[in-house]
Structure formats: structure tokens, C-alpha cells
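Peer 1: My questions will all concern the structure given below.
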Amino acid sequence: MALLERIQTDLVAAMRAKDEARLGTIRMIKTALKKHEIDSMKPLDEATELQLLNTLVKQRRESADMFRKGGRPDLADKEEAELKQIEEYMPSAPTDVEVEDAISAALAETGATSAKQMGLVMKAAQAKLAGKRVDGKALSDRVRSRLSS
């Protein structure tokens, strides 16, 4: 089932259940996807959908962090609840072993030995983890630690 179809089904279910929080989040996801589809004037592909969902996840994480720093845990909790709902539509996250294997393969492929070549390694590692939900910052930290040792 395509993502927009799944979202539409969940939207109807949330309306019937009168679950306002879930309904708001699903509407926000659908709006973001439809807006991009209309702006680009072509149907969404899976990679674009994943990229848009990643953007929404990153926005929620940053907002929650800012609300916590600003002394608004109530709003931070709301953002984190939305984050969990958005992640339901994303592919599974890679295991630690998969991430390490991808980094090792990327290092071998690029022959990188210094932090100056980190961009090459990151690009190769992300290509190896394509189709998985990868946290770019966490991957970057792991690559940096491998290159520095």
C-alpha cells in the first residue's frame, strides 16, 4: 500500500475514533506530502516520501529540544508524541551491527583514513543503508570516531 493511501486509511480511522492528537499529526503528514507533490508537479516516489518524513522527524526533535530548554515540557511532550506517530510510517531503523558493517564497507570502498575524507565515507555509508531510517548525526558521530582512531 502506498504511503498516501495508508495515511488516508489511518486518517479515517482516527476520525472515527475521535483521536484528535493522532488526527492532527496524520493531517500534518498528509499536508506535507501533498504540498511537495503539488509543488514538484509529479507523483511522490518512495525516496522522496522518506526524505519528507525525515524532515518532519528532524523538525519535531529540534522543537522538542527547544521547548525543553525553554522550560515548556508540556509542548515538548506533544512534539515527541507527534515524532513517535511520524516514525510509524517510516522504515525500521538499522541495527548497530548493520550500521557498523556499512561504515566498515564504506571505509574499505573509499580508502579513507582521515577526517578530511569524512564526506566520502558518509555518502558511501548512507548508500549502503538506503531504505533504512538512519539518523545522520548518529552516523556522522560513529564515522568520525572510526576515522579518528
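Ordered as shown in the C-alpha cells, chains take letters A, B, and onward, while each chain numbers its residues from 1 and ligands are numbered from 1 in the order shown.
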Might you pull out every residue within 9 Å of Leu4 of chain A, with only C-alpha atoms counted and same-chain residues fewer than 6 positions away left off, and present them as number ranges by chain?
Peer 2: A: 30, 33-34
Peer 1: With only C-alpha atoms counted and 10 Å as the cut-off, give the residues of segment 69-147 of chain A in contact with segment 43-49 of chain A, each with its shortest interatomic distance in Å and the pair that gives it, as JSON lines.
Peer 2:
{"residue": "A:Tyr89", "atom": "CA", "partner": "A:Glu49", "partner_atom": "CA", "distance": 9.8}
{"residue": "A:Met90", "atom": "CA", "partner": "A:Glu49", "partner_atom": "CA", "distance": 9.0}
{"residue": "A:Ala130", "atom": "CA", "partner": "A:Ala47", "partner_atom": "CA", "distance": 9.0}
{"residue": "A:Gly131", "atom": "CA", "partner": "A:Ala47", "partner_atom": "CA", "distance": 7.9}
Peer 1: May I have the selected residues written with all heavy atoms, as a JSON list (two decimals), in the first residue's frame?
Peer 2:
[["chain", "number", "residue", "atom", "x", "y", "z"],
["A", 89, "TYR", "N", 5.33, 5.55, 10.20],
["A", 89, "TYR", "CA", 5.24, 5.49, 8.74],
["A", 89, "TYR", "C", 6.59, 5.32, 8.06],
["A", 89, "TYR", "O", 6.66, 5.23, 6.85],
["A", 89, "TYR", "CB", 4.55, 6.76, 8.20],
["A", 89, "TYR", "CG", 3.13, 6.88, 8.66],
["A", 89, "TYR", "CD1", 2.78, 7.72, 9.71],
["A", 89, "TYR", "CD2", 2.13, 6.11, 8.07],
["A", 89, "TYR", "CE1", 1.47, 7.81, 10.14],
["A", 89, "TYR", "CE2", 0.82, 6.19, 8.51],
["A", 89, "TYR", "CZ", 0.50, 7.05, 9.54],
["A", 89, "TYR", "OH", -0.80, 7.12, 9.98],
["A", 90, "MET", "N", 7.64, 5.30, 8.85],
["A", 90, "MET", "CA", 8.99, 5.18, 8.29],
["A", 90, "MET", "C", 9.48, 3.74, 8.37],
["A", 90, "MET", "O", 9.01, 2.97, 9.20],
["A", 90, "MET", "CB", 9.93, 6.12, 9.04],
["A", 90, "MET", "CG", 9.54, 7.57, 8.91],
["A", 90, "MET", "SD", 10.61, 8.69, 9.79],
["A", 90, "MET", "CE", 12.09, 8.59, 8.83],
["A", 130, "ALA", "N", 20.62, 2.59, 2.50],
["A", 130, "ALA", "CA", 19.45, 3.11, 1.80],
["A", 130, "ALA", "C", 18.23, 2.24, 2.11],
["A", 130, "ALA", "O", 18.33, 1.03, 2.20],
["A", 130, "ALA", "CB", 19.71, 3.15, 0.31],
["A", 131, "GLY", "N", 17.09, 2.90, 2.29],
["A", 131, "GLY", "CA", 15.87, 2.18, 2.60],
["A", 131, "GLY", "C", 15.66, 1.98, 4.09],
["A", 131, "GLY", "O", 14.65, 1.45, 4.52]]
Peer 1: I'd like the neighbourhood of Arg27 of chain A as a list of chain:residue names, where a residue qualifies if any of its atoms comes within 12 Å (using only C-alpha atoms), though same-chain residues fewer than 6 positions away should be ignored.
Peer 2: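 Contacts, in chain order: A:Leu4, A:Ile7, A:Gln8, A:Thr9, A:Asp10, A:Leu11, A:Val12, A:Ala14, A:Met15, A:Glu20, A:Ala21, A:Leu33, A:Lys34, A:Lys35, A:Glu82, A:Gln85, A:Ile86.
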Peer 1: Using only C-alpha atoms, which of A:Ile103, A:Ser40, A:Arg144, A:Thr110 sits nearest Leu129 of chain A?
Peer 2: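 The shortest atom-to-atom distance to Leu129 of chain A comes from A:Ile103.
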Peer 1: If I take atom CA of Asn54 of chain A and atom CA of Phe67 of chain A, how far is one from the other in Å, to one decimal?
Peer 2: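 Computed distance, atom CA of Asn54 of chain A to atom CA of Phe67 of chain A, equals 19.9 Å.
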Peer 1: Using the chain letters and numbers from this document, which residues of segment 54-117 of chain A does DSSP assign to helix (DSSP H, G or I), as an MDAnalysis selection string?
Peer 2: chainID A and resid 54:69 73:87 96:110 115:117
Peer 1: Can you tell me, as a list in words, what residues are no more than 12 Å from Glu80 of chain A when counting only C-alpha atoms, ignoring any on the same chain fewer than 2 positions away?
Peer 2: Ala21, Thr25, Leu56, Val57, Lys58, Gln59, Arg60, Arg61, Glu62, Ser63, Ala64, Asp65, Met66, Phe67, Arg68, Pro73, Asp74, Leu75, Ala76, Asp77, Lys78, Glu82, Leu83, Lys84, Gln85, Ile86 and Glu87 of chain A
Peer 1: As a list in words, please: the residues near Thr113 of chain A (cut-off 10 Å, only C-alpha atoms, same-chain neighbours under 3 positions excluded).
Peer 2: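 Answer for this query is Leu107, Ala108, Thr110, Lys116, Gln117, Met118, Val121, Arg146, Leu147, Ser148 and Ser149 of chain A.
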Peer 1: Please measure the separation of atom CA of Ile26 of chain A and atom CA of Leu53 of chain A, giving the value in Å to one decimal.
Peer 2: 11.6 Å
